[in-house]
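See below for target.cif, which holds mmCIF, C-alpha atoms.
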```
data_entry
#
loop_
_atom_site.label_atom_id
_atom_site.label_comp_id
_atom_site.auth_asym_id
_atom_site.auth_seq_id
_atom_site.Cartn_x
_atom_site.Cartn_y
_atom_site.Cartn_z
CA ALA E 261 0.00 0.00 0.00
CA VAL E 262 1.06 3.58 -0.68
CA TYR E 263 0.47 6.39 1.83
CA ASP E 264 0.99 9.94 0.53
CA ILE E 265 1.77 12.29 3.43
CA THR E 266 0.06 15.20 1.67
CA ASN E 267 -3.21 13.29 2.02
CA TYR E 268 -2.79 13.39 5.79
CA GLY E 269 -2.04 17.05 6.40
CA ALA E 270 1.52 17.64 5.22
CA VAL E 271 1.87 20.71 2.99
CA SER E 272 4.69 20.90 0.48
CA SER E 273 7.12 23.81 0.95
CA ASP E 274 5.31 25.30 3.97
CA ALA E 275 8.21 26.71 5.99
CA ASP E 276 6.02 27.16 9.07
CA GLN E 277 4.78 23.57 9.26
CA ASP E 278 6.61 20.88 11.23
CA ILE E 279 5.73 17.53 9.67
CA THR E 280 7.50 15.31 12.23
CA GLY E 281 4.26 14.22 13.90
CA ILE E 282 2.43 13.79 10.60
CA LEU E 283 5.18 11.62 9.14
CA MET E 284 5.39 9.37 12.19
CA ASP E 285 1.57 9.07 12.35
CA VAL E 286 1.44 8.01 8.70
CA ILE E 287 4.20 5.45 9.30
CA GLN E 288 2.27 4.04 12.26
CA MET E 289 -0.90 3.95 10.16
CA ALA E 290 0.89 1.92 7.50
CA LEU E 291 2.09 -0.55 10.13
CA ASP E 292 -1.36 -0.87 11.69
CA LYS E 293 -3.32 -1.22 8.44
CA THR E 294 -1.05 -3.19 6.14
CA ASP E 295 1.95 -4.22 8.27
CA GLY E 296 4.14 -1.75 6.42
CA GLY E 297 4.11 0.00 3.08
CA ILE E 298 5.39 2.87 0.99
CA ILE E 299 5.32 6.35 2.53
CA ARG E 300 5.31 8.72 -0.42
CA ILE E 301 6.70 12.21 0.05
CA PRO E 302 6.00 14.34 -3.06
CA ALA E 303 8.39 16.98 -4.38
CA GLY E 304 8.86 19.95 -2.07
CA ARG E 305 10.67 20.99 1.11
CA TYR E 306 9.43 19.65 4.44
CA LYS E 307 10.61 20.79 7.86
CA LEU E 308 11.17 18.51 10.83
CA ILE E 309 12.20 19.47 14.35
CA TYR E 310 12.71 16.06 15.95
CA SER E 311 14.42 12.80 15.01
CA ILE E 312 12.41 10.11 13.26
CA VAL E 313 12.64 6.32 13.39
CA ILE E 314 11.85 4.11 10.40
CA PRO E 315 10.52 0.71 11.52
CA GLU E 316 10.81 -2.53 9.60
CA LYS E 317 8.81 -2.95 6.38
CA ILE E 318 8.62 0.80 5.71
CA GLN E 319 9.83 2.51 2.55
CA LEU E 320 10.24 6.30 2.29
CA VAL E 321 9.95 7.30 -1.35
CA GLY E 322 10.28 10.79 -2.81
CA ASP E 323 10.31 12.25 -6.31
CA GLY E 324 14.11 12.54 -6.49
CA SER E 325 16.88 13.64 -4.15
CA ASP E 326 16.90 17.09 -5.76
CA LYS E 327 13.10 17.44 -5.63
CA THR E 328 11.95 15.98 -2.30
CA ILE E 329 13.86 17.56 0.58
CA LEU E 330 13.50 16.82 4.31
CA TYR E 331 15.35 19.33 6.46
CA TRP E 332 15.76 19.65 10.22
CA ASP E 333 15.38 22.94 12.09
CA PRO E 334 17.88 22.61 14.98
CA THR E 335 16.47 25.46 17.08
CA GLN E 336 14.69 22.94 19.35
CA TRP E 337 18.00 21.45 20.45
CA LYS E 338 19.90 22.83 23.41
CA ILE E 339 23.52 23.79 23.00
CA GLY E 340 25.65 20.70 23.56
CA ALA E 341 22.62 18.40 23.58
CA CYS E 342 22.09 17.54 19.93
CA PRO E 343 20.43 14.28 18.87
CA SER E 344 22.64 11.27 18.17
CA PHE E 345 20.79 10.76 14.87
CA LEU E 346 18.13 12.43 12.76
CA ILE E 347 16.96 9.23 11.06
CA GLY E 348 17.16 5.95 12.95
CA PHE E 349 16.47 2.50 11.54
CA GLU E 350 17.27 -1.15 12.11
CA LYS E 351 16.51 -3.48 9.21
CA ASN E 352 14.22 -4.19 6.27
CA ILE E 353 13.76 -0.55 5.26
CA ALA E 354 14.21 1.43 2.04
CA ILE E 355 14.77 5.10 1.29
CA GLU E 356 14.67 6.34 -2.29
CA GLY E 357 14.60 9.70 -4.05
CA ILE E 358 14.93 12.01 -1.03
CA GLY E 359 17.41 14.71 0.00
CA PHE E 360 18.17 15.09 3.72
CA TYR E 361 19.60 18.30 5.17
CA GLY E 362 20.66 18.93 8.75
CA THR E 363 23.05 20.70 11.09
CA ARG E 364 24.30 20.38 14.63
CA GLY E 365 24.00 16.68 15.26
CA GLN E 366 26.12 13.56 15.56
CA CYS E 367 24.86 12.10 12.29
CA ILE E 368 21.94 12.34 9.92
CA MET E 369 21.31 8.65 9.38
CA ARG E 370 22.16 5.88 11.85
CA SER E 371 21.38 2.19 12.22
CA TYR E 372 20.71 1.30 15.82
CA GLY E 373 20.12 -2.47 15.69
CA GLY E 374 22.72 -5.21 15.59
CA LYS E 375 25.82 -5.44 17.71
CA ASN E 376 28.11 -3.62 15.26
CA THR E 377 31.15 -5.31 16.73
CA GLN E 378 33.95 -7.28 15.15
CA ASN E 379 33.00 -10.89 14.30
CA SER E 380 29.36 -10.27 15.20
CA THR E 381 26.72 -12.03 13.10
CA ASP E 382 23.96 -9.81 14.46
CA TYR E 383 23.39 -7.56 11.46
CA ASN E 384 20.94 -4.82 10.59
CA GLU E 385 19.78 -6.59 7.47
CA ASN E 386 18.33 -5.33 4.22
CA VAL E 387 18.84 -1.58 4.29
CA TYR E 388 18.32 -0.12 0.81
CA LEU E 389 19.25 3.45 -0.09
CA LYS E 390 18.86 4.76 -3.63
CA ASP E 391 19.16 8.30 -5.03
CA VAL E 392 19.73 9.83 -1.61
CA ASN E 393 21.42 13.21 -1.05
CA ILE E 394 22.67 13.80 2.50
CA GLN E 395 24.10 17.15 3.54
CA PHE E 396 25.31 18.72 6.73
CA GLN E 397 25.62 22.48 6.51
CA PRO E 398 29.28 22.84 5.52
CA LEU E 399 30.05 25.85 7.72
CA LEU E 400 28.08 24.76 10.79
CA GLY E 401 28.84 21.07 10.70
CA VAL E 402 28.83 19.67 14.21
CA ALA E 403 29.11 23.00 15.99
CA THR E 404 27.65 21.73 19.25
CA GLY E 405 29.33 18.36 19.37
CA GLY E 406 28.96 14.90 17.91
CA SER E 407 31.05 12.89 15.54
CA GLY E 408 29.78 14.41 12.30
CA VAL E 409 28.99 11.11 10.65
CA GLY E 410 26.77 11.54 7.61
CA VAL E 411 25.57 7.93 7.43
CA LEU E 412 26.45 5.27 10.01
CA ILE E 413 25.28 1.83 8.90
CA GLY E 414 26.05 -1.46 10.56
CA SER E 415 24.00 -3.52 8.20
CA GLU E 416 23.42 -5.64 5.16
CA ALA E 417 22.74 -2.82 2.76
CA GLU E 418 22.53 -1.76 -0.83
CA VAL E 419 23.48 1.85 -1.44
CA GLN E 420 22.95 3.42 -4.88
CA ASN E 421 23.47 6.98 -6.07
CA LEU E 422 24.15 8.31 -2.58
CA ILE E 423 25.53 11.85 -2.56
CA ARG E 424 27.07 12.91 0.72
CA ALA E 425 28.06 16.57 0.95
CA GLY E 426 31.09 17.32 3.09
CA CYS E 427 30.77 18.82 6.54
CA THR E 428 33.49 20.46 8.59
CA GLY E 429 34.45 19.65 12.15
CA THR E 430 36.69 17.32 14.10
CA GLY E 431 35.89 13.65 13.67
CA SER E 432 33.73 14.12 10.59
CA TYR E 433 33.12 11.21 8.23
CA GLY E 434 31.21 10.94 4.99
CA LEU E 435 29.93 7.36 5.15
CA PHE E 436 30.70 5.12 8.12
CA VAL E 437 29.78 1.44 7.70
CA GLU E 438 30.34 -0.89 10.64
CA ASN E 439 30.26 -4.67 10.29
CA PRO E 440 28.66 -4.70 6.81
CA TYR E 441 27.50 -7.96 5.29
CA ASN E 442 26.65 -8.09 1.59
CA LEU E 443 27.03 -4.33 1.22
CA GLN E 444 26.67 -3.02 -2.34
CA MET E 445 27.60 0.54 -3.30
CA ASP E 446 26.93 1.75 -6.83
CA GLY E 447 27.32 5.34 -8.00
CA VAL E 448 28.06 6.72 -4.53
CA THR E 449 29.64 10.18 -4.42
CA VAL E 450 31.21 11.47 -1.21
CA TYR E 451 32.29 15.11 -1.13
CA ARG E 452 34.61 16.31 1.62
CA THR E 453 35.63 19.79 2.67
CA VAL E 454 38.22 18.75 5.26
CA THR E 455 40.90 16.08 5.32
CA ASN E 456 39.17 13.61 7.64
CA CYS E 457 38.02 10.23 6.35
CA PRO E 458 35.34 10.43 3.65
CA LEU E 459 34.60 6.70 3.80
CA ILE E 460 35.14 4.08 6.51
CA PHE E 461 34.46 0.33 6.46
CA ARG E 462 35.08 -1.44 9.76
CA TRP E 463 34.96 -5.24 9.95
CA GLY E 464 32.29 -7.05 7.93
CA GLN E 465 32.51 -9.07 4.72
CA TYR E 466 31.23 -9.27 1.13
CA VAL E 467 31.51 -5.60 0.13
CA HIS E 468 30.94 -4.60 -3.50
CA ILE E 469 31.88 -1.08 -4.69
CA ASN E 470 31.33 0.09 -8.25
CA GLY E 471 31.39 3.47 -10.01
CA CYS E 472 31.97 5.54 -6.87
CA LYS E 473 33.66 8.93 -6.56
CA ILE E 474 35.34 10.12 -3.38
#
```

Show me the file's structure as structure tokens.
Amino acid sequence: AVYDITNYGAVSSDADQDITGILMDVIQMALDKTDGGIIRIPAGRYKLIYSIVIPEKIQLVGDGSDKTILYWDPTQWKIGACPSFLIGFEKNIAIEGIGFYGTRGQCIMRSYGGKNTQNSTDYNENVYLKDVNIQFQPLLGVATGGSGVGVLIGSEAEVQNLIRAGCTGTGSYGLFVENPYNLQMDGVTVYRTVTNCPLIFRWGQYVHINGCKI
């Protein structure tokens, strides 16, 4: 089933509307009605002020990473108390055709299931990212703390056409993948503005990389 957030109160490109609650309500509706589904986010800019969690069997689908933009307004976060992630997930999720913008946090996208330790077989399985643009504000970066990781994934994942814009700050990474298993990366571009690591793989096995630019 497909659930379009604009059918449930979200307004495209309304700078005054926070859609965090609407998005999470629609996700819960999809779980309750059909045990998952596609959450469609049409082209436009949508503001969020809190972190979101994507449960299993949910797909977030936009109209393209340059057309559907989710951005976080960090004014709700106290100085030195930024969220550890803006998008959390565990396994069996997909994100396609969406741009994510944020500032002042540890990372934009983070997997929180699995052990993410060396030799662990407890993976966050089946994480699929396609045509995703992730950006931290280059000048603000992680101004109030955090590691500055754009995407931290400890999972079995397929990543296609992921564009990660560089952020500044100590300990900043472009794409951090812990304990991957059957990880595929095709057409991934990682831009960096400082000399820290643009791409890190730690532990894991069966990693396929093709057509990537760093």

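Residue neighbourhood of E:Ala275, excluding near-sequence residues (fewer than 4 positions): Val271, Arg305, Tyr306, Lys307 and Leu308 of chain E, at 10 Å, using only C-alpha atoms.
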
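Closest approach to E:Ala354 among E:Val419, E:Met445, E:Val411, E:Ile301: E:Val419, based on all atoms listed in the file.
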
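Atom CA of E:Val313 is found 11.3 Å from atom CA of E:Lys351.
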
Result set, the PyMOL selection byres ((chain E and resi 320-333) around 9) on current file, as a ChimeraX atom specification: /E:297-311,314,318-319,334-337,346,353-363,391-394,423

Picked residues, the PyMOL selection byres ((chain E and resi 461) around 9), as number ranges by chain: E: 435-440, 459-460, 462-464

Selection file, C-alpha atoms, as a PDB file, in the coordinates of the input:
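Result file is again.pdb:
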```pdb
ATOM      1  CA  LEU E 435      29.930   7.360   5.150  1.00  0.00           C
ATOM      2  CA  PHE E 436      30.700   5.120   8.120  1.00  0.00           C
ATOM      3  CA  VAL E 437      29.780   1.440   7.700  1.00  0.00           C
ATOM      4  CA  GLU E 438      30.340  -0.890  10.640  1.00  0.00           C
ATOM      5  CA  ASN E 439      30.260  -4.670  10.290  1.00  0.00           C
ATOM      6  CA  PRO E 440      28.660  -4.700   6.810  1.00  0.00           C
ATOM      7  CA  LEU E 459      34.600   6.700   3.800  1.00  0.00           C
ATOM      8  CA  ILE E 460      35.140   4.080   6.510  1.00  0.00           C
ATOM      9  CA  ARG E 462      35.080  -1.440   9.760  1.00  0.00           C
ATOM     10  CA  TRP E 463      34.960  -5.240   9.950  1.00  0.00           C
ATOM     11  CA  GLY E 464      32.290  -7.050   7.930  1.00  0.00           C
TER      12      GLY E 464
END
```

For E:Ser344, the nearest of the candidates E:Ile287, E:Leu412, E:Ile469, E:Asn421, counting all atoms listed in the file: E:Leu412

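Take the candidates E:Ser371, E:Thr449, E:Gln420, E:Ser272 and check each one against E:Gly348 using all atoms listed in the file; the shortest distance goes to E:Ser371.
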
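Shell of E:Gln288 at 10 Å, with all atoms listed in the file counted and residues fewer than 5 places along the chain excluded, is Ile282, Leu283, Lys293, Asp295, Gly296, Ile314, Pro315 and Ile318 of chain E.
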
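Nearest to E:Glu418 of all the residues E:Tyr441, E:Tyr388, E:Tyr263, E:Tyr466 is E:Tyr388, based on all atoms listed in the file.
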
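Restricting the calculation to all atoms listed in the file, the smallest distance between E:Tyr268 and any of E:Glu316, E:Tyr372, E:Asp285, E:Cys457 is found for E:Asp285.
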
Distance in Å - atom CA of E:Ile279 versus atom CA of E:Ile265: 9.1 Å
